$ cat model.cif   # mmCIF, C-alpha atoms
data_protein
#
loop_
_atom_site.group_PDB
_atom_site.id
_atom_site.type_symbol
_atom_site.label_atom_id
_atom_site.label_comp_id
_atom_site.auth_asym_id
_atom_site.auth_seq_id
_atom_site.Cartn_x
_atom_site.Cartn_y
_atom_site.Cartn_z
ATOM 1 C CA MET A 106 17.130 -7.781 -1.615
ATOM 2 C CA THR A 107 17.458 -10.328 1.189
ATOM 3 C CA PRO A 108 14.028 -11.396 2.491
ATOM 4 C CA HIS A 109 13.347 -10.856 6.177
ATOM 5 C CA PRO A 110 13.138 -14.072 8.259
ATOM 6 C CA LYS A 111 9.558 -13.178 9.176
ATOM 7 C CA ILE A 112 8.663 -12.963 5.475
ATOM 8 C CA ASP A 113 10.177 -16.396 4.900
ATOM 9 C CA ALA A 114 8.135 -17.833 7.771
ATOM 10 C CA ILE A 115 4.896 -16.242 6.536
ATOM 11 C CA VAL A 116 5.419 -17.526 2.990
ATOM 12 C CA GLU A 117 6.310 -21.008 4.239
ATOM 13 C CA THR A 118 3.169 -21.161 6.376
ATOM 14 C CA TYR A 119 0.964 -20.026 3.503
ATOM 15 C CA LEU A 120 2.415 -22.498 1.006
ATOM 16 C CA SER A 121 2.148 -25.407 3.430
ATOM 17 C CA VAL A 122 -1.532 -24.616 4.065
ATOM 18 C CA ALA A 123 -2.313 -23.985 0.382
ATOM 19 C CA ASP A 124 -0.511 -27.107 -0.825
ATOM 20 C CA ALA A 125 -2.221 -29.266 1.786
ATOM 21 C CA ALA A 126 -5.646 -27.910 0.805
ATOM 22 C CA ALA A 127 -5.106 -28.109 -2.964
ATOM 23 C CA PRO A 128 -1.858 -29.708 -4.153
ATOM 24 C CA GLY A 129 -0.617 -28.053 -7.349
ATOM 25 C CA LEU A 130 -3.123 -25.198 -7.251
ATOM 26 C CA VAL A 131 -0.637 -22.382 -6.600
ATOM 27 C CA GLU A 132 1.806 -22.615 -9.517
ATOM 28 C CA GLY A 133 3.381 -19.214 -9.000
ATOM 29 C CA LEU A 134 3.827 -17.070 -5.909
ATOM 30 C CA TYR A 135 5.350 -13.596 -5.942
ATOM 31 C CA LEU A 136 5.779 -10.826 -3.407
ATOM 32 C CA GLU A 137 5.066 -7.167 -4.126
ATOM 33 C CA GLY A 138 4.469 -4.172 -1.850
ATOM 34 C CA SER A 139 6.926 -3.356 0.938
ATOM 35 C CA ALA A 140 8.460 -6.842 0.831
ATOM 36 C CA ALA A 141 9.495 -6.255 -2.788
ATOM 37 C CA LEU A 142 10.312 -2.543 -2.487
ATOM 38 C CA ASP A 143 12.805 -2.994 0.373
ATOM 39 C CA ASP A 144 10.671 -1.178 2.940
ATOM 40 C CA TYR A 145 9.378 -4.069 5.037
ATOM 41 C CA ARG A 146 8.714 -3.292 8.722
ATOM 42 C CA PRO A 147 8.281 -6.532 10.726
ATOM 43 C CA ALA A 148 5.962 -5.080 13.393
ATOM 44 C CA THR A 149 3.559 -3.263 11.064
ATOM 45 C CA SER A 150 3.930 -4.404 7.442
ATOM 46 C CA ASP A 151 1.763 -6.987 5.787
ATOM 47 C CA VAL A 152 3.319 -9.245 3.169
ATOM 48 C CA ASP A 153 1.657 -8.567 -0.195
ATOM 49 C CA PHE A 154 1.467 -11.453 -2.650
ATOM 50 C CA VAL A 155 0.318 -12.435 -6.115
ATOM 51 C CA ALA A 156 -0.628 -16.121 -6.350
ATOM 52 C CA VAL A 157 -0.897 -17.551 -9.858
ATOM 53 C CA THR A 158 -3.007 -20.534 -10.852
ATOM 54 C CA ALA A 159 -3.491 -22.310 -14.185
ATOM 55 C CA ALA A 160 -7.205 -21.517 -14.284
ATOM 56 C CA GLY A 161 -9.683 -19.656 -12.109
ATOM 57 C CA PRO A 162 -9.243 -21.223 -8.650
ATOM 58 C CA PRO A 163 -12.163 -22.797 -6.748
ATOM 59 C CA ILE A 164 -13.474 -20.113 -4.404
ATOM 60 C CA GLU A 165 -14.413 -22.657 -1.732
ATOM 61 C CA THR A 166 -10.826 -23.918 -1.651
ATOM 62 C CA LEU A 167 -9.433 -20.399 -1.282
ATOM 63 C CA GLU A 168 -11.885 -19.696 1.511
ATOM 64 C CA ARG A 169 -10.692 -22.805 3.361
ATOM 65 C CA ILE A 170 -7.055 -21.785 2.919
ATOM 66 C CA HIS A 171 -7.572 -18.297 4.308
ATOM 67 C CA THR A 172 -9.874 -19.479 7.073
ATOM 68 C CA SER A 173 -7.064 -21.795 8.164
ATOM 69 C CA LEU A 174 -4.587 -18.915 8.070
ATOM 70 C CA GLY A 175 -6.863 -16.698 10.161
ATOM 71 C CA ALA A 176 -5.531 -13.199 10.806
ATOM 72 C CA HIS A 177 -2.341 -13.986 8.920
ATOM 73 C CA PRO A 178 -0.502 -10.878 7.624
ATOM 74 C CA PHE A 179 -0.461 -12.250 4.070
ATOM 75 C CA GLU A 180 -2.525 -10.113 1.709
ATOM 76 C CA GLY A 181 -2.853 -10.460 -2.007
ATOM 77 C CA VAL A 182 -4.668 -11.451 -5.151
ATOM 78 C CA TYR A 183 -5.201 -14.667 -7.107
ATOM 79 C CA LEU A 184 -4.557 -14.424 -10.853
ATOM 80 C CA THR A 185 -4.020 -16.818 -13.726
ATOM 81 C CA TRP A 186 -1.057 -16.813 -16.078
ATOM 82 C CA ASP A 187 -3.367 -15.433 -18.743
ATOM 83 C CA ASP A 188 -4.453 -12.601 -16.397
ATOM 84 C CA LEU A 189 -0.844 -11.442 -16.171
ATOM 85 C CA ARG A 190 -0.808 -10.838 -19.924
ATOM 86 C CA ARG A 191 -3.945 -8.675 -19.866
ATOM 87 C CA ASN A 192 -4.876 -5.148 -18.843
ATOM 88 C CA PRO A 193 -6.153 -5.483 -15.251
ATOM 89 C CA LEU A 194 -8.779 -2.798 -15.845
ATOM 90 C CA GLU A 195 -10.435 -5.162 -18.333
ATOM 91 C CA LEU A 196 -10.472 -8.187 -16.027
ATOM 92 C CA GLY A 197 -13.290 -7.337 -13.655
ATOM 93 C CA THR A 198 -12.841 -8.810 -10.171
ATOM 94 C CA ARG A 199 -10.510 -11.447 -8.809
ATOM 95 C CA PRO A 200 -10.257 -13.279 -5.439
ATOM 96 C CA ARG A 201 -8.286 -11.349 -2.818
ATOM 97 C CA ALA A 202 -7.223 -11.762 0.805
ATOM 98 C CA LEU A 203 -7.138 -8.494 2.724
ATOM 99 C CA ALA A 204 -6.909 -7.637 6.435
ATOM 100 C CA GLY A 205 -7.505 -11.229 7.501
ATOM 101 C CA LYS A 206 -10.620 -11.586 5.338
ATOM 102 C CA PHE A 207 -11.195 -13.298 2.019
ATOM 103 C CA ASN A 208 -13.087 -11.469 -0.733
ATOM 104 C CA PRO A 209 -14.008 -13.602 -3.760
ATOM 105 C CA GLN A 210 -14.706 -10.522 -5.925
ATOM 106 C CA ALA A 211 -12.206 -7.725 -5.384
ATOM 107 C CA GLY A 212 -11.029 -5.112 -7.837
ATOM 108 C CA VAL A 213 -7.552 -5.138 -9.354
ATOM 109 C CA ASN A 214 -5.426 -2.292 -10.655
ATOM 110 C CA PRO A 215 -2.314 -1.683 -12.794
ATOM 111 C CA VAL A 216 -0.047 -0.935 -9.826
ATOM 112 C CA THR A 217 0.078 -4.662 -9.004
ATOM 113 C CA TRP A 218 1.086 -5.621 -12.550
ATOM 114 C CA HIS A 219 3.778 -2.953 -12.822
ATOM 115 C CA THR A 220 5.194 -3.697 -9.366
ATOM 116 C CA LEU A 221 5.313 -7.415 -10.122
ATOM 117 C CA ALA A 222 7.000 -6.881 -13.489
ATOM 118 C CA ARG A 223 9.656 -4.496 -12.149
ATOM 119 C CA TYR A 224 10.223 -5.549 -8.548
ATOM 120 C CA GLY A 225 8.415 -8.826 -7.885
ATOM 121 C CA VAL A 226 10.157 -11.335 -5.603
ATOM 122 C CA THR A 227 9.782 -14.959 -6.710
ATOM 123 C CA CYS A 228 8.755 -17.519 -4.095
ATOM 124 C CA ARG A 229 7.543 -20.134 -6.591
ATOM 125 C CA GLY A 230 7.443 -20.287 -10.375
ATOM 126 C CA PRO A 231 9.337 -18.481 -13.162
ATOM 127 C CA LYS A 232 10.956 -15.134 -12.408
ATOM 128 C CA PRO A 233 8.906 -12.084 -13.469
ATOM 129 C CA ALA A 234 11.457 -11.258 -16.181
ATOM 130 C CA GLU A 235 10.658 -14.614 -17.791
ATOM 131 C CA LEU A 236 6.926 -13.891 -17.924
ATOM 132 C CA ASP A 237 4.844 -11.872 -20.353
ATOM 133 C CA ILE A 238 3.418 -9.387 -17.842
ATOM 134 C CA TRP A 239 1.177 -6.638 -19.185
ATOM 135 C CA SER A 240 2.557 -3.121 -18.873
ATOM 136 C CA ASP A 241 1.326 0.245 -20.144
ATOM 137 C CA PRO A 242 2.773 3.429 -18.597
ATOM 138 C CA ALA A 243 -0.081 5.547 -19.963
ATOM 139 C CA VAL A 244 -2.709 3.366 -18.304
ATOM 140 C CA LEU A 245 -0.745 3.390 -15.043
ATOM 141 C CA ALA A 246 -0.532 7.193 -15.117
ATOM 142 C CA ALA A 247 -4.242 7.631 -15.897
ATOM 143 C CA TRP A 248 -5.260 5.231 -13.119
ATOM 144 C CA THR A 249 -2.923 6.981 -10.670
ATOM 145 C CA ASP A 250 -4.323 10.401 -11.530
ATOM 146 C CA GLY A 251 -7.876 9.113 -11.060
ATOM 147 C CA ASN A 252 -7.013 7.501 -7.738
ATOM 148 C CA LEU A 253 -5.921 10.867 -6.333
ATOM 149 C CA ASP A 254 -9.611 11.809 -6.212
ATOM 150 C CA ARG A 255 -11.274 8.397 -6.206
ATOM 151 C CA TYR A 256 -9.597 7.373 -2.941
ATOM 152 C CA TRP A 257 -7.355 10.073 -1.481
ATOM 153 C CA ARG A 258 -9.490 13.187 -1.967
ATOM 154 C CA ARG A 259 -12.457 11.346 -0.494
ATOM 155 C CA LEU A 260 -10.357 10.204 2.472
ATOM 156 C CA VAL A 261 -9.047 13.720 3.143
ATOM 157 C CA THR A 262 -12.545 15.174 2.908
ATOM 158 C CA ARG A 263 -13.864 12.674 5.457
ATOM 159 C CA ALA A 264 -10.869 13.161 7.751
ATOM 160 C CA SER A 265 -11.393 16.923 7.680
ATOM 161 C CA ARG A 266 -14.485 16.421 9.877
ATOM 162 C CA LEU A 267 -12.791 16.002 13.258
ATOM 163 C CA LEU A 268 -15.833 14.566 15.070
ATOM 164 C CA SER A 269 -16.078 11.559 12.778
ATOM 165 C CA PRO A 270 -14.325 8.164 12.728
ATOM 166 C CA ARG A 271 -11.918 9.302 9.995
ATOM 167 C CA GLY A 272 -11.384 12.656 11.679
ATOM 168 C CA LEU A 273 -10.493 11.145 15.045
ATOM 169 C CA ALA A 274 -8.269 8.529 13.408
ATOM 170 C CA SER A 275 -6.376 11.315 11.632
ATOM 171 C CA LEU A 276 -4.977 12.382 15.026
ATOM 172 C CA GLY A 277 -2.960 9.155 15.272
ATOM 173 C CA GLY A 278 0.418 8.201 13.933
ATOM 174 C CA TYR A 279 -0.906 5.553 11.563
ATOM 175 C CA ALA A 280 -2.992 8.105 9.659
ATOM 176 C CA THR A 281 0.002 10.423 9.443
ATOM 177 C CA VAL A 282 2.070 7.737 7.731
ATOM 178 C CA TRP A 283 -0.800 6.434 5.603
ATOM 179 C CA ILE A 284 -1.872 9.815 4.228
ATOM 180 C CA VAL A 285 1.493 11.560 3.859
ATOM 181 C CA THR A 286 3.204 8.621 2.185
ATOM 182 C CA GLY A 287 0.101 7.496 0.307
ATOM 183 C CA VAL A 288 -0.412 10.688 -1.681
ATOM 184 C CA SER A 289 3.355 11.029 -2.109
ATOM 185 C CA ARG A 290 3.569 7.580 -3.721
ATOM 186 C CA LEU A 291 1.083 8.626 -6.365
ATOM 187 C CA HIS A 292 2.926 11.887 -6.962
ATOM 188 C CA TYR A 293 6.149 9.895 -7.391
ATOM 189 C CA THR A 294 4.530 7.661 -10.007
ATOM 190 C CA LEU A 295 3.158 10.634 -11.944
ATOM 191 C CA ALA A 296 6.531 12.395 -11.747
ATOM 192 C CA THR A 297 8.718 9.431 -12.698
ATOM 193 C CA GLY A 298 6.547 6.699 -14.203
ATOM 194 C CA ASP A 299 7.965 4.337 -11.572
ATOM 195 C CA LEU A 300 6.768 2.928 -8.249
ATOM 196 C CA THR A 301 8.175 3.331 -4.771
ATOM 197 C CA SER A 302 7.632 2.371 -1.152
ATOM 198 C CA LYS A 303 6.157 4.470 1.643
ATOM 199 C CA SER A 304 9.586 5.568 2.849
ATOM 200 C CA GLY A 305 10.794 6.172 -0.694
ATOM 201 C CA ALA A 306 7.725 8.302 -1.385
ATOM 202 C CA ALA A 307 8.364 10.455 1.682
ATOM 203 C CA ARG A 308 11.971 11.008 0.625
ATOM 204 C CA HIS A 309 10.742 11.970 -2.837
ATOM 205 C CA ALA A 310 8.233 14.414 -1.342
ATOM 206 C CA ARG A 311 10.975 16.060 0.676
ATOM 207 C CA GLU A 312 12.761 16.855 -2.591
ATOM 208 C CA ALA A 313 9.663 17.711 -4.598
ATOM 209 C CA PHE A 314 7.851 20.023 -2.165
ATOM 210 C CA PRO A 315 8.880 23.249 -0.394
ATOM 211 C CA GLU A 316 10.434 23.408 3.057
ATOM 212 C CA ARG A 317 7.021 24.370 4.441
ATOM 213 C CA TRP A 318 6.119 20.671 4.298
ATOM 214 C CA HIS A 319 9.371 19.120 5.517
ATOM 215 C CA ARG A 320 8.255 18.804 9.130
ATOM 216 C CA VAL A 321 5.155 16.732 8.357
ATOM 217 C CA ILE A 322 7.141 14.601 5.892
ATOM 218 C CA ASP A 323 9.879 14.050 8.477
ATOM 219 C CA GLU A 324 7.204 13.164 11.024
ATOM 220 C CA ALA A 325 5.865 10.481 8.683
ATOM 221 C CA LEU A 326 9.392 9.158 8.125
ATOM 222 C CA ARG A 327 9.996 9.114 11.901
ATOM 223 C CA LEU A 328 6.828 7.159 12.549
ATOM 224 C CA ARG A 329 7.539 4.782 9.679
ATOM 225 C CA ALA A 330 11.038 4.110 11.006
ATOM 226 C CA ASP A 331 9.646 3.525 14.511
ATOM 227 C CA ASP A 332 7.634 0.604 13.068
ATOM 228 C CA THR A 333 4.869 1.202 15.623
ATOM 229 C CA ALA A 334 2.149 3.073 13.737
ATOM 230 C CA THR A 335 -0.620 0.480 13.426
ATOM 231 C CA PRO A 336 -4.286 1.071 12.505
ATOM 232 C CA SER A 337 -5.914 0.588 15.895
ATOM 233 C CA LEU A 338 -7.409 2.462 18.823
ATOM 234 C CA GLY A 339 -4.230 1.626 20.696
ATOM 235 C CA SER A 340 -2.153 3.389 18.069
ATOM 236 C CA LEU A 341 -4.312 6.505 18.379
ATOM 237 C CA VAL A 342 -3.841 6.516 22.161
ATOM 238 C CA ALA A 343 -0.104 5.958 21.696
ATOM 239 C CA GLY A 344 0.010 8.773 19.165
ATOM 240 C CA LEU A 345 -1.693 11.139 21.601
ATOM 241 C CA GLY A 346 0.707 9.971 24.309
ATOM 242 C CA GLU A 347 3.566 11.358 22.257
ATOM 243 C CA HIS A 348 2.177 14.789 23.071
ATOM 244 C CA PHE A 349 0.506 14.426 26.466
ATOM 245 C CA GLY A 350 1.949 12.888 29.623
ATOM 246 C CA THR A 351 5.009 11.160 28.149
ATOM 247 C CA PRO A 352 8.406 12.385 26.913
ATOM 248 C CA ARG A 353 7.662 14.072 23.606
ATOM 249 C CA ARG A 354 9.099 12.357 20.569
ATOM 250 C CA SER A 355 6.826 13.893 17.951
ATOM 251 C CA LEU A 356 8.050 16.798 15.832
ATOM 252 C CA TYR A 357 4.740 18.493 16.679
ATOM 253 C CA GLY A 358 3.516 20.193 19.828
ATOM 254 C CA SER A 359 0.084 18.572 19.570
ATOM 255 C CA PRO A 360 -1.711 15.946 17.472
ATOM 256 C CA PHE A 361 -4.157 18.618 16.308
ATOM 257 C CA GLU A 362 -1.335 20.695 14.847
ATOM 258 C CA ARG A 363 0.062 17.608 13.139
ATOM 259 C CA ARG A 364 -3.337 16.685 11.768
ATOM 260 C CA ARG A 365 -3.749 20.123 10.192
ATOM 261 C CA ASP A 366 -0.451 19.742 8.383
ATOM 262 C CA VAL A 367 -1.215 16.179 7.281
ATOM 263 C CA LEU A 368 -4.498 17.202 5.649
ATOM 264 C CA ALA A 369 -3.099 20.406 4.162
ATOM 265 C CA PHE A 370 -0.094 18.552 2.746
ATOM 266 C CA ALA A 371 -2.347 15.908 1.215
ATOM 267 C CA ASP A 372 -4.407 18.608 -0.475
ATOM 268 C CA GLN A 373 -1.224 20.181 -1.867
ATOM 269 C CA VAL A 374 0.084 16.863 -3.206
ATOM 270 C CA ILE A 375 -3.231 15.922 -4.824
ATOM 271 C CA ARG A 376 -3.321 19.246 -6.652
ATOM 272 C CA ALA A 377 0.311 18.906 -7.719
ATOM 273 C CA GLY A 378 -0.291 15.367 -8.939
ATOM 274 C CA HIS A 379 -3.161 16.462 -11.152
ATOM 275 C CA GLU A 380 -0.954 19.213 -12.572
ATOM 276 C CA LEU A 381 1.769 16.700 -13.378
ATOM 277 C CA TYR A 382 -0.675 14.456 -15.209
ATOM 278 C CA ALA A 383 -2.165 17.373 -17.143
ATOM 279 C CA ARG A 384 1.296 18.276 -18.396
#
$ encode --input "model.cif" --output "C-alpha cells"
Amino acid sequence: MTPHPKIDAIVETYLSVADAAAPGLVEGLYLEGSAALDDYRPATSDVDFVAVTAAGPPIETLERIHTSLGAHPFEGVYLTWDDLRRNPLELGTRPRALAGKFNPQAGVNPVTWHTLARYGVTCRGPKPAELDIWSDPAVLAAWTDGNLDRYWRRLVTRASRLLSPRGLASLGGYATVWIVTGVSRLHYTLATGDLTSKSGAARHAREAFPERWHRVIDEALRLRADDTATPSLGSLVAGLGEHFGTPRRSLYGSPFERRRDVLAFADQVIRAGHELYAR
C-alpha cells in the first residue's frame, strides 16, 4: 500500500511535535485503521496510530503534544513494547488521543492488536512482523460478539427514537455509513476471523445478506466513496439536501425511508453476528 500524501504530512507533523517535546519518547509508530486497510478517504478519514514507548509515557508530556496538535486528525493509543505482548483486555486503560482530545485513561481492545499484527504500517521502529504482538482469535471473536450489543445494539436502540440527538443524526449520511459498515465489520470478523475496512465490510455484507438489503448497503458504499459524510450538523443538512431541493443522488426517496432501512439492517446484522458466534 502506498501512503497518501496527506497521511505522510500528518505523520511528519506529529513526529516533529512529539520529538521536540520529548526526544526519544516515541520509539515506534504504526498506522492502523483505514490508513492500514487501504480505505483512506482524505476528506473524512482520521489517521489511526499506535505509538510505542519504552515505559509508560509521562501524561503531562502527551497532553502538551496533543494540545500543540490541536484538532489534528491523528487518533490513537500509546502502548509500551511489553503491552504489545499482552492481552489488551488485561491491561486496563492506556493514554489515547481521540477526536482532537487527549484522554489519559482510555480503554483498549483486541482489534487494535490484531490489526497492527496483520496490517500495521510502520512509520518508525521495527516492522510488526518482527515484533511479538499478542494474538488470540478466540478472544477477538468473543470481544466482537460482545461489542455487537455493548456498542451497536445500544446505538441502534437510541437512534430508533427519532426525536432524540441519535435519532435525528440517523437521518444523515454519516450515520448511514457509520452504522451500516460498522455492524458489517463485526459480522465480517465473526465470519472470517479477519479484519476489514468500512468499504470492505459493505462489500462483504452485499455477499452475505439477501438482496432485500442491497440498496442500503449500496447507499453506504456510495456515501463512503463520495468522501463527504462527516459527523456534523452540516452533514445532516447536506444529507437531507440529497432528497429535498437539490438533484437527487441518494438511492432513497427520503431520508426517513433510508433511516428505516439502516436501523432494520443493523438489527438483522447484529442477530446474524450472534448466530455466527454461537455456531
$ closest_residue --input "model.cif" --among "A:Gly129, A:Thr281, A:Ser289, A:Ala306" --to "Leu368 of chain A" --atoms "all atoms listed in the file"
A:Thr281
$ atom_distance --input "model.cif" --atom1 "atom CA of Asn214 of chain A" --atom2 "atom CA of Arg308 of chain A"
24.6 Å
$ resolve_selection --input "model.cif" --expression "the PyMOL selection byres ((chain A and resi 211) around 6)" --output "JSON, numbers by chain"
{"A": [198, 199, 200, 201, 210, 212]}
$ residues_near_point --input "model.cif" --point "(-6.4, -5.6, -10.8)" --cutoff "7 Å" --atoms "all atoms listed in the file" --output "count of residues only"
7
$ closest_atom_pairs --input "model.cif" --of "segment 203-255 of chain A" --to "segment 146-164 of chain A" --cutoff "10 Å" --atoms "only C-alpha atoms" --output "tab-separated table"
residue	atom	partner	partner_atom	distance
A:Leu203	CA	A:Asp153	CA	9.3
A:Ala204	CA	A:Asp151	CA	8.7
A:Phe207	CA	A:Ile164	CA	9.6
A:Asn208	CA	A:Ile164	CA	9.4
A:Pro209	CA	A:Ile164	CA	6.6
A:Gln210	CA	A:Ile164	CA	9.8
A:Thr217	CA	A:Val155	CA	8.3
A:Trp218	CA	A:Val155	CA	9.4
A:Leu221	CA	A:Val155	CA	8.1
A:Gly225	CA	A:Val155	CA	9.0
A:Val226	CA	A:Phe154	CA	9.2
A:Thr227	CA	A:Val155	CA	9.8
A:Cys228	CA	A:Phe154	CA	9.6
A:Arg229	CA	A:Ala156	CA	9.1
A:Gly230	CA	A:Val157	CA	8.8
$ residues_around --input "model.cif" --residues "Arg327 of chain A" --least-positions-apart "5" --cutoff "10 Å" --atoms "only C-alpha atoms" --output "PyMOL selection string"
chain A and resi 278+282+304+321-322+332+354-356
$ closest_residue --input "model.cif" --among "A:Ile238, A:Leu167, A:Leu142, A:Ala330" --to "Asp187 of chain A" --atoms "only C-alpha atoms"
A:Ile238
$ atom_distance --input "model.cif" --atom1 "atom CA of Ser269 of chain A" --atom2 "atom CA of Ser302 of chain A"
29.0 Å
$ resolve_selection --input "model.cif" --expression "the PyMOL selection byres ((chain A and resi 243-257) around 6)" --output "PDB file with C-alpha atoms, in the coordinates of the input"
ATOM      1  CA  PRO A 215      -2.314  -1.683 -12.794  1.00  0.00           C
ATOM      2  CA  ASP A 241       1.326   0.245 -20.144  1.00  0.00           C
ATOM      3  CA  PRO A 242       2.773   3.429 -18.597  1.00  0.00           C
ATOM      4  CA  ARG A 258      -9.490  13.187  -1.967  1.00  0.00           C
ATOM      5  CA  ARG A 259     -12.457  11.346  -0.494  1.00  0.00           C
ATOM      6  CA  LEU A 260     -10.357  10.204   2.472  1.00  0.00           C
ATOM      7  CA  LEU A 295       3.158  10.634 -11.944  1.00  0.00           C
ATOM      8  CA  ILE A 375      -3.231  15.922  -4.824  1.00  0.00           C
TER       9      ILE A 375
END
$ atom_distance --input "model.cif" --atom1 "atom CA of Ser275 of chain A" --atom2 "atom CA of Arg320 of chain A"
16.6 Å
$ closest_residue --input "model.cif" --among "A:Ala313, A:Leu291, A:Ile170, A:Val367" --to "His379 of chain A" --atoms "all atoms listed in the file"
A:Leu291
$ closest_residue --input "model.cif" --among "A:Val182, A:Val285, A:Leu300, A:Leu174" --to "Ala123 of chain A" --atoms "only C-alpha atoms"
A:Leu174
$ resolve_selection --input "model.cif" --expression "the PyMOL selection byres ((chain A and resi 173) around 12)" --output "PyMOL selection string"
chain A and resi 118-123+125-126+166-172+174-177+205-207
$ closest_residue --input "model.cif" --among "A:Ala141, A:Ala114, A:Ala234, A:Leu134" --to "Pro178 of chain A" --atoms "all atoms listed in the file"
A:Ala114
$ residues_around --input "model.cif" --residues "Ala264 of chain A" --least-positions-apart "6" --cutoff "8 Å" --atoms "only C-alpha atoms" --output "count of residues only"
7
$ closest_residue --input "model.cif" --among "A:Leu184, A:Asp323, A:Ala383, A:Ala296" --to "Val131 of chain A" --atoms "all atoms listed in the file"
A:Leu184
$ axis_aligned_box --input "model.cif" --around "segment 297-313 of chain A" --padding-each-side "4 Å" --output "lines of an AutoDock Vina configuration file"
center_x = 9.5
center_y = 10.0
center_z = -5.7
size_x = 14.6
size_y = 23.3
size_z = 25.1
$ residues_around --input "model.cif" --residues "Ile112 of chain A" --least-positions-apart "4" --cutoff "9 Å" --atoms "all atoms listed in the file" --output "ChimeraX atom specification"
/A:108,116-117,140,145,147,152
